[in-house]
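Quick look at query08.tsv (TSV, C-alpha atoms):
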chain	number	residue	atom	x	y	z
X	1	MET	CA	0.00	0.00	0.00
X	2	SER	CA	1.44	3.42	-0.99
X	3	GLN	CA	2.38	6.09	1.52
X	4	GLN	CA	-0.27	8.35	-0.04
X	5	ILE	CA	-2.97	5.80	0.82
X	6	PHE	CA	-1.67	5.57	4.39
X	7	SER	CA	-1.76	9.37	4.57
X	8	ASN	CA	-5.35	9.32	3.39
X	9	MET	CA	-6.24	6.68	5.98
X	10	ILE	CA	-4.99	8.79	8.86
X	11	SER	CA	-6.31	12.11	7.60
X	12	GLN	CA	-9.68	10.58	6.73
X	13	ALA	CA	-9.98	8.99	10.17
X	14	LEU	CA	-9.14	12.31	11.85
X	15	THR	CA	-11.55	14.12	9.52
X	16	ASN	CA	-14.33	11.69	10.44
X	17	LYS	CA	-13.66	12.22	14.15
X	18	VAL	CA	-13.88	16.00	13.86
X	19	LEU	CA	-17.00	15.96	11.69
X	20	LYS	CA	-18.65	13.50	14.08
X	21	SER	CA	-18.03	15.95	16.93
X	22	LEU	CA	-19.75	18.69	14.95
X	23	SER	CA	-22.62	16.43	13.96
X	24	SER	CA	-23.25	15.59	17.61
X	25	LEU	CA	-24.12	19.27	18.03
X	26	ASN	CA	-26.58	19.08	15.12
X	27	TYR	CA	-24.28	20.88	12.72
X	28	THR	CA	-25.62	20.68	9.17
X	29	TYR	CA	-23.25	21.25	6.26
X	30	GLY	CA	-24.20	24.33	4.33
X	31	GLU	CA	-25.83	26.07	7.29
X	32	ASN	CA	-22.89	28.39	7.74
X	33	PRO	CA	-23.08	32.11	8.57
X	34	SER	CA	-24.20	34.21	5.60
X	35	ARG	CA	-21.33	36.60	6.32
X	36	TYR	CA	-18.21	36.43	8.44
X	37	SER	CA	-17.17	39.24	10.75
X	38	PHE	CA	-15.01	39.69	13.82
X	39	SER	CA	-18.12	40.28	15.94
X	40	GLY	CA	-19.22	36.73	15.13
X	41	THR	CA	-16.09	34.98	16.41
X	42	PHE	CA	-16.22	32.73	19.45
X	43	LYS	CA	-14.48	35.15	21.78
X	44	GLU	CA	-16.74	38.05	20.82
X	45	SER	CA	-19.84	35.84	21.10
X	46	LEU	CA	-18.69	34.81	24.56
X	47	ILE	CA	-18.06	38.26	26.01
X	48	ASN	CA	-20.64	40.41	24.24
X	49	ASN	CA	-24.29	40.43	25.17
X	50	HIS	CA	-25.61	40.20	21.62
X	51	VAL	CA	-25.61	36.43	22.11
X	52	ASP	CA	-27.85	35.00	24.82
X	53	LYS	CA	-26.03	32.93	27.42
X	54	GLU	CA	-26.27	31.85	31.04
X	55	VAL	CA	-23.21	31.74	33.27
X	56	SER	CA	-22.78	29.64	36.39
X	57	VAL	CA	-19.87	30.30	38.73
X	58	VAL	CA	-18.62	26.89	39.82
X	59	SER	CA	-15.54	28.05	41.75
X	60	SER	CA	-12.92	30.79	41.81
X	61	SER	CA	-11.36	29.26	38.70
X	62	VAL	CA	-14.21	27.51	36.84
X	63	LEU	CA	-17.23	28.83	34.96
X	64	GLU	CA	-19.96	27.06	33.04
X	65	VAL	CA	-21.62	28.84	30.15
X	66	LYS	CA	-24.76	27.65	28.39
X	67	MET	CA	-25.65	28.99	24.97
X	68	LYS	CA	-27.66	27.93	21.95
X	69	LYS	CA	-26.03	25.32	19.74
X	70	SER	CA	-26.72	27.46	16.70
X	71	ASP	CA	-24.90	30.46	18.21
X	72	TYR	CA	-21.95	28.34	19.28
X	73	LEU	CA	-21.66	26.62	15.89
X	74	SER	CA	-21.90	29.93	14.04
X	75	ALA	CA	-19.04	31.27	16.17
X	76	ILE	CA	-16.86	28.20	15.68
X	77	ILE	CA	-17.39	28.17	11.91
X	78	THR	CA	-16.58	31.89	11.83
X	79	ASP	CA	-13.33	31.17	13.67
X	80	LEU	CA	-12.58	28.42	11.15
X	81	HIS	CA	-13.22	30.81	8.26
X	82	PHE	CA	-10.56	33.19	9.53
X	83	GLY	CA	-8.34	30.32	10.65
X	84	ARG	CA	-8.15	28.74	7.21
X	85	GLN	CA	-7.06	32.09	5.76
X	86	ARG	CA	-4.22	32.13	8.26
X	87	VAL	CA	-3.25	28.53	7.43
X	88	PHE	CA	-3.35	29.26	3.69
X	89	GLN	CA	-1.01	32.23	4.09
X	90	GLN	CA	1.36	30.23	6.29
X	91	ASN	CA	1.42	27.38	3.76
X	92	GLN	CA	2.23	29.89	1.04
X	93	ASN	CA	5.02	31.29	3.19
X	94	ILE	CA	6.54	27.82	3.70
X	95	GLN	CA	6.48	27.09	0.00
X	96	SER	CA	8.06	30.44	-0.77
X	97	GLN	CA	10.85	29.75	1.71
X	98	ILE	CA	11.50	26.33	0.16
X	99	ASP	CA	11.49	27.72	-3.39
X	100	SER	CA	13.93	30.50	-2.47
X	101	GLY	CA	16.29	28.14	-0.62
X	102	GLN	CA	15.87	29.71	2.80
X	103	GLN	CA	17.97	28.35	5.66
X	104	ALA	CA	16.40	25.19	7.14
X	105	ALA	CA	15.81	26.62	10.63
X	106	TRP	CA	13.53	29.34	9.27
X	107	ILE	CA	11.55	26.77	7.30
X	108	LEU	CA	11.24	24.47	10.30
X	109	VAL	CA	9.95	27.25	12.56
X	110	SER	CA	7.45	28.34	9.90
X	111	THR	CA	6.29	24.74	9.46
X	112	TYR	CA	5.89	24.40	13.21
X	113	TYR	CA	3.62	27.44	13.37
X	114	ALA	CA	1.50	26.15	10.51
X	115	SER	CA	1.18	22.85	12.41
X	116	TYR	CA	0.28	24.72	15.60
X	117	PHE	CA	-2.47	26.68	13.84
X	118	LEU	CA	-3.79	23.46	12.31
X	119	ALA	CA	-3.76	21.68	15.68
X	120	CYS	CA	-5.62	24.56	17.36
X	121	ASP	CA	-8.36	24.67	14.73
X	122	ILE	CA	-8.82	20.90	14.62
X	123	ALA	CA	-9.05	20.66	18.40
X	124	LYS	CA	-11.45	23.61	18.54
X	125	LEU	CA	-13.81	21.92	16.09
X	126	SER	CA	-13.66	18.89	18.40
X	127	GLY	CA	-14.62	20.97	21.44
X	128	GLN	CA	-11.26	21.45	23.21
X	129	PHE	CA	-9.40	24.76	23.07
X	130	ILE	CA	-8.11	27.81	24.92
X	131	THR	CA	-9.50	31.33	24.91
X	132	ASN	CA	-7.68	34.32	26.33
X	133	LEU	CA	-9.76	36.94	28.15
X	134	THR	CA	-8.88	40.29	29.63
X	135	ALA	CA	-10.16	41.34	33.05
X	136	SER	CA	-12.84	43.48	31.37
X	137	ASN	CA	-13.82	40.54	29.14
X	138	ILE	CA	-14.37	38.40	32.22
X	139	GLN	CA	-16.45	41.09	33.88
X	140	SER	CA	-18.62	41.28	30.77
X	141	LEU	CA	-19.08	37.51	30.78
X	142	LEU	CA	-19.90	37.48	34.49
X	143	SER	CA	-22.69	40.01	33.91
X	144	ASN	CA	-24.67	37.02	32.58
X	145	THR	CA	-24.38	35.05	35.84
X	146	VAL	CA	-27.54	33.19	36.81
X	147	GLU	CA	-26.06	30.84	39.41
X	148	GLY	CA	-23.28	31.28	41.93
X	149	ASN	CA	-21.56	34.41	43.13
X	150	PRO	CA	-19.80	36.32	40.32
X	151	ASN	CA	-17.56	37.99	42.88
X	152	SER	CA	-16.11	34.60	43.82
X	153	PHE	CA	-14.52	34.13	40.39
X	154	LYS	CA	-11.10	35.74	40.21
X	155	SER	CA	-11.43	38.39	37.54
X	156	ASP	CA	-8.90	41.12	38.31
X	157	SER	CA	-6.36	40.11	35.66
X	158	ASP	CA	-6.03	38.78	32.14
X	159	THR	CA	-6.24	35.01	32.01
X	160	SER	CA	-6.25	31.93	29.79
X	161	LEU	CA	-9.23	29.64	30.03
X	162	ALA	CA	-9.34	26.04	28.84
X	163	VAL	CA	-12.68	25.42	27.15
X	164	THR	CA	-14.38	22.02	26.99
X	165	VAL	CA	-17.65	21.74	25.07
X	166	SER	CA	-20.38	19.22	25.80
X	167	LEU	CA	-24.08	18.75	25.20
X	168	SER	CA	-26.37	20.51	27.64
X	169	GLU	CA	-29.30	18.76	29.28
X	170	PHE	CA	-31.48	20.89	27.02
X	171	GLN	CA	-31.74	19.80	23.40
X	172	ASN	CA	-30.72	23.04	21.70
X	173	GLU	CA	-27.95	24.12	24.08
X	174	VAL	CA	-24.29	23.45	24.60
X	175	CYS	CA	-22.44	23.67	27.89
X	176	LEU	CA	-19.00	25.27	27.90
X	177	ARG	CA	-16.74	24.57	30.86
X	178	LEU	CA	-14.14	27.31	31.21
X	179	ALA	CA	-11.29	26.51	33.59
X	180	ARG	CA	-8.50	28.91	34.39
X	181	THR	CA	-5.14	27.49	33.30
X	182	ALA	CA	-1.55	28.57	33.75
X	183	ALA	CA	-0.29	26.06	31.20
X	184	LYS	CA	1.57	27.42	28.20
X	185	PRO	CA	-0.74	27.79	25.16
X	186	HIS	CA	1.48	25.76	22.83
X	187	LYS	CA	1.64	22.82	25.23
X	188	VAL	CA	-2.11	22.97	25.73
X	189	ALA	CA	-2.65	22.94	21.95
X	190	TRP	CA	-0.77	19.64	21.61
X	191	HIS	CA	-2.48	18.23	24.71
X	192	ASN	CA	-5.86	19.03	23.15
X	193	LEU	CA	-4.88	17.48	19.83
X	194	PHE	CA	-3.69	14.35	21.63
X	195	GLY	CA	-7.12	14.13	23.27
X	196	VAL	CA	-8.70	14.16	19.82
X	197	LEU	CA	-6.25	11.61	18.39
X	198	ARG	CA	-6.94	9.19	21.25
X	199	GLU	CA	-10.45	8.80	19.84
X	200	VAL	CA	-9.37	8.36	16.22
X	201	ARG	CA	-9.77	4.82	14.92
X	202	ILE	CA	-8.47	3.09	11.81
X	203	GLU	CA	-9.86	-0.33	10.93
X	204	SER	CA	-6.46	-1.95	10.52
X	205	TYR	CA	-3.56	-1.36	12.89
X	206	GLU	CA	-1.41	1.52	11.72
X	207	ILE	CA	1.91	2.29	13.39
X	208	SER	CA	2.02	5.81	11.92
X	209	LEU	CA	-1.11	6.79	13.87
X	210	ASP	CA	0.38	5.50	17.12
X	211	ARG	CA	3.57	7.36	16.36
X	212	LEU	CA	1.64	10.57	15.74
X	213	ARG	CA	0.02	10.19	19.14
X	214	ASP	CA	3.46	9.65	20.70
X	215	ILE	CA	4.87	12.77	19.08
X	216	VAL	CA	2.10	15.07	20.35
X	217	SER	CA	1.90	13.47	23.79
X	218	ALA	CA	3.58	15.30	26.67
X	219	ASP	CA	4.03	11.89	28.34
X	220	SER	CA	6.14	10.40	25.55
X	221	THR	CA	9.56	9.25	26.75
X	222	LYS	CA	10.99	8.92	23.23
X	223	TRP	CA	9.71	11.73	21.06
X	224	LYS	CA	9.66	15.48	21.73
X	225	LEU	CA	6.59	17.67	21.56
X	226	PRO	CA	6.58	19.79	18.40
X	227	SER	CA	6.69	22.90	20.61
X	228	THR	CA	9.83	21.57	22.31
X	229	VAL	CA	11.50	21.06	18.93
X	230	ARG	CA	10.48	24.58	17.92
X	231	ASN	CA	11.89	26.03	21.16
X	232	GLU	CA	15.22	24.33	20.61
X	233	TRP	CA	15.55	25.50	17.03
X	234	ASN	CA	14.20	28.99	17.58
X	235	TYR	CA	15.68	29.87	20.96
X	236	SER	CA	18.12	27.42	22.54
X	237	ALA	CA	20.30	26.14	19.72
X	238	VAL	CA	21.12	29.28	17.74
X	239	TYR	CA	23.92	27.38	15.98
X	240	LEU	CA	21.20	25.57	14.02
X	241	TYR	CA	20.82	28.72	11.92
X	242	GLY	CA	23.76	27.59	9.83
X	243	ASP	CA	25.41	24.54	8.29
X	244	LYS	CA	24.62	22.34	11.32
X	245	GLY	CA	20.90	23.05	10.97
X	246	ASP	CA	20.94	22.55	7.21
X	247	LYS	CA	22.53	19.13	7.63
X	248	LEU	CA	20.30	18.06	10.51
X	249	ALA	CA	17.14	19.13	8.67
X	250	SER	CA	18.11	17.65	5.30
X	251	ASP	CA	15.49	14.89	5.49
X	252	PHE	CA	12.93	17.34	6.87
X	253	ILE	CA	13.30	19.56	3.80
X	254	LYS	CA	13.14	16.54	1.46
X	255	MET	CA	9.87	15.48	3.09
X	256	LEU	CA	8.32	18.90	2.59
X	257	LYS	CA	9.27	18.73	-1.09
X	258	SER	CA	7.87	15.21	-1.56
X	259	PRO	CA	4.25	14.78	-0.31
X	260	GLY	CA	3.69	11.40	1.29
X	261	SER	CA	7.33	10.74	2.08
X	262	SER	CA	6.98	11.65	5.77
X	263	ILE	CA	4.20	9.05	6.07
X	264	LYS	CA	6.47	6.43	4.56
X	265	ARG	CA	9.23	7.28	7.04
X	266	PHE	CA	7.04	7.41	10.13
X	267	ARG	CA	5.15	4.18	9.49
X	268	ASN	CA	8.42	2.29	9.71
X	269	ASN	CA	8.24	-0.10	12.69
X	270	THR	CA	11.96	0.24	13.39
X	271	LEU	CA	12.12	4.05	13.26
X	272	HIS	CA	14.12	5.47	16.17
X	273	PRO	CA	13.77	8.98	17.64
X	274	SER	CA	17.19	10.11	16.48
X	275	GLU	CA	17.99	13.81	16.33
X	276	GLU	CA	17.33	13.77	12.58
X	277	ASN	CA	14.01	11.94	12.94
X	278	ILE	CA	12.83	14.21	15.75
X	279	THR	CA	13.53	17.15	13.46
X	280	SER	CA	11.66	15.42	10.62
X	281	SER	CA	8.68	14.76	12.90
X	282	ILE	CA	7.62	18.38	12.32
X	283	ALA	CA	7.15	17.59	8.62
X	284	TYR	CA	5.16	14.47	9.50
X	285	VAL	CA	2.82	16.28	11.91
X	286	TYR	CA	2.38	19.09	9.40
X	287	GLU	CA	1.55	16.75	6.51
X	288	VAL	CA	-1.04	14.73	8.42
X	289	LEU	CA	-2.74	17.76	9.97
X	290	ASN	CA	-2.69	19.78	6.76
X	291	SER	CA	-4.27	16.93	4.81
X	292	SER	CA	-6.94	16.45	7.49
X	293	TYR	CA	-7.64	20.18	7.66
X	294	SER	CA	-8.06	20.36	3.91
X	295	ASN	CA	-10.60	17.54	4.05
X	296	ILE	CA	-12.50	19.16	6.92
X	297	THR	CA	-12.69	22.64	5.43
X	298	LYS	CA	-13.77	21.30	2.04
X	299	ARG	CA	-16.64	19.45	3.68
X	300	ILE	CA	-17.69	22.46	5.74
X	301	PHE	CA	-17.30	25.32	3.27
X	302	ASN	CA	-17.87	23.67	-0.10
X	303	ALA	CA	-21.21	22.35	1.17
X	304	SER	CA	-22.44	25.92	1.51
X	305	LYS	CA	-21.78	26.80	-2.14
Produce structure tokens that represent the structure in this file.
Amino acid sequence: MSQQIFSNMISQALTNKVLKSLSSLNYTYGENPSRYSFSGTFKESLINNHVDKEVSVVSSSVLEVKMKKSDYLSAIITDLHFGRQRVFQQNQNIQSQIDSGQQAAWILVSTYYASYFLACDIAKLSGQFITNLTASNIQSLLSNTVEGNPNSFKSDSDTSLAVTVSLSEFQNEVCLRLARTAAKPHKVAWHNLFGVLREVRIESYEISLDRLRDIVSADSTKWKLPSTVRNEWNYSAVYLYGDKGDKLASDFIKMLKSPGSSIKRFRNNTLHPSEENITSSIAYVYEVLNSSYSNITKRIFNASK
């Protein structure tokens, strides 16, 4: 079986998982917003009172927000609309860097950020993401409190909130659990993606899917998180912006130039997490997520045409 078929197996399985999450909220393809504006994004829908919502203060660090499924889905699809524009531009930037023979470290960092954007959007569509709110944003949200004491929720500073989406007890509502988190956004993004990948299933055993889970798992003892690789290349190991980096990332660059080749490498049962392979893992994560994202956005946006 060709590496392209294996790529399709993984991306299709991930696509199916994401679309199933949306379908569980009664999302219907084609019922997208008639226009996309900043005011319709998730964050704006959360903090502004033009969208009906009920807030319950669970503790000093946890809120629960109930809102209509239709309002939530409209906000998430609006976020995806703007997100895919960002991904498209980043993909164009990567290709431009490759075509112009840019130094490997710059290409790797750019590819990491594209992968990060992809991971964030895929996890958000699956109901797991982070939103950043200012103190005034939180006060605006708390003005919708119907249960609990709004003064008990710490709201005197900007904060990051981990959002988990579930079905409400009422048919047409969703329940958003917002928990204050001090975790770094990039680590949370990969944690959220790992949570999605744990639920992805392929009919036949596929080592490349297990390896993808290992790479994005903070608990992996062999592979490094993509954000860790990015940190090393972008901050710690400045000598990689030179001949050392070009040599180390030789296979990484080859994989970006040859679609499907990263799948072939990472479905190898005997693959070891060498320094070269850890570097190349960024190309592998990028290829799988980009393929999945393309499938997802085609289903969501082409259906509305």
>> For a quick check of understanding, using all atoms listed in the file, which of X:Phe266, X:Lys187, X:Ile77, X:Ala182 has the smallest distance to Asn231 in chain X?
In response: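 Selected residue with least distance to Asn231 in chain X: X:Lys187.
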>> Considering only C-alpha atoms, can you say which of X:Asn132, X:Ser155, X:Ser37, X:Ser45 comes closest to Ser60 in chain X?
In response: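 Closest to Ser60 in chain X of all the choices is X:Ser155.
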> From the set X:Ile263, X:Pro150, X:Asp71, X:Lys66, which residue has the shortest atom-to-atom contact distance to His50 in chain X, counting all atoms listed in the file?
Replying inline: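 Answer, going by the shortest atom-to-atom distance: X:Asp71.
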> Quick one, how far is CA of Glu203 in chain X from CA of Lys17 in chain X?
Replying inline: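 Spanning CA of Glu203 in chain X to CA of Lys17 in chain X is a straight-line distance of 13.5 Å.
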> Could you tell me, as a list in words, which residues have any atom at most 9 Å from (5.6, 11.5, 2.6), counting only C-alpha atoms?
Replying inline: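 I get Gln3, Gln4, Ser7, Met255, Leu256, Lys257, Ser258, Pro259, Gly260, Ser261, Ser262, Ile263, Lys264, Arg265, Phe266, Ala283, Tyr284 and Glu287 of chain X for the residues within 9 Å of that point.
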Determine, counting all atoms listed in the file, which protein, DNA and RNA residues have an atom within 10 Å of an atom of Phe194 in chain X; residues of the same chain fewer than 5 positions away are not included. Present the result as a short mmCIF file (atom, residue, chain, number, x, y, z; two decimals) with C-alpha atoms, keeping the file's coordinate frame.
data_model
loop_
_atom_site.label_atom_id
_atom_site.label_comp_id
_atom_site.auth_asym_id
_atom_site.auth_seq_id
_atom_site.Cartn_x
_atom_site.Cartn_y
_atom_site.Cartn_z
CA ALA X 119 -3.76 21.68 15.68
CA ALA X 123 -9.05 20.66 18.40
CA VAL X 188 -2.11 22.97 25.73
CA ALA X 189 -2.65 22.94 21.95
CA GLU X 199 -10.45 8.80 19.84
CA VAL X 200 -9.37 8.36 16.22
CA LEU X 212 1.64 10.57 15.74
CA ARG X 213 0.02 10.19 19.14
CA ASP X 214 3.46 9.65 20.70
CA ILE X 215 4.87 12.77 19.08
CA VAL X 216 2.10 15.07 20.35
CA SER X 217 1.90 13.47 23.79
CA ALA X 218 3.58 15.30 26.67
#
Dump as a compact mmCIF listing (two decimals) with C-alpha atoms, in the coordinates of the input all residues having an atom at most 8 Å from (9.2, 18.4, 14.9), computed in the file's coordinates with all atoms listed in the file.
# COMPACT_ATOMS: atom_id res chain seq x y z
CA LEU X 108 11.24 24.47 10.30
CA TYR X 112 5.89 24.40 13.21
CA LYS X 224 9.66 15.48 21.73
CA LEU X 225 6.59 17.67 21.56
CA PRO X 226 6.58 19.79 18.40
CA SER X 227 6.69 22.90 20.61
CA VAL X 229 11.50 21.06 18.93
CA ARG X 230 10.48 24.58 17.92
CA ILE X 278 12.83 14.21 15.75
CA THR X 279 13.53 17.15 13.46
CA SER X 280 11.66 15.42 10.62
CA SER X 281 8.68 14.76 12.90
CA ILE X 282 7.62 18.38 12.32
CA ALA X 283 7.15 17.59 8.62
CA TYR X 284 5.16 14.47 9.50
CA VAL X 285 2.82 16.28 11.91
> Looking at X:Pro185, X:Thr111, X:Val65, X:Asn49, which one is nearest to Ile98 in chain X, with distances taken over all atoms listed in the file?
Replying inline: X:Thr111
Give me, as a tab-separated table, the closest atom pair and its distance (Å, one decimal) for every residue of range 78-114 of chain X within a cut-off of 9 Å of range 38-44 of chain X, counting all atoms listed in the file, rows sorted by chain and rising number.
residue	atom	partner	partner_atom	distance
X:Thr78	CA	X:Thr41	CA	5.5
X:Asp79	CA	X:Thr41	CA	5.4
X:Phe82	CA	X:Phe38	CA	9.0
> So how far away is CA of Ile138 in chain X from CA of Glu54 in chain X, in Å?
Replying inline: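 Between CA of Glu54 in chain X and CA of Ile138 in chain X the gap is 13.6 Å.
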>> Set the distance at 7 Å and use all atoms listed in the file: which residues neighbour Thr181 in chain X once local chain neighbours fewer than 6 positions away are removed? I'd like the list as an MDAnalysis selection string.
In response: chainID X and resid 160:162
> Of the residues X:Asp156, X:Asp246, X:Glu173, X:Glu232, which is the one nearest to Leu73 in chain X, using only C-alpha atoms?
Replying inline: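 The answer is X:Glu173, which sits nearest to Leu73 in chain X.
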> In Å, with one decimal, what is the gap from CA of Ile76 in chain X to CA of Ser34 in chain X?
Replying inline: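 Between these atoms lies a distance of 13.8 Å.
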> Out of X:Leu193, X:Leu80, X:Val87, X:Val163, which residue has the shortest atom-to-atom distance to Phe117 in chain X when counting all atoms listed in the file?
Replying inline: X:Val87
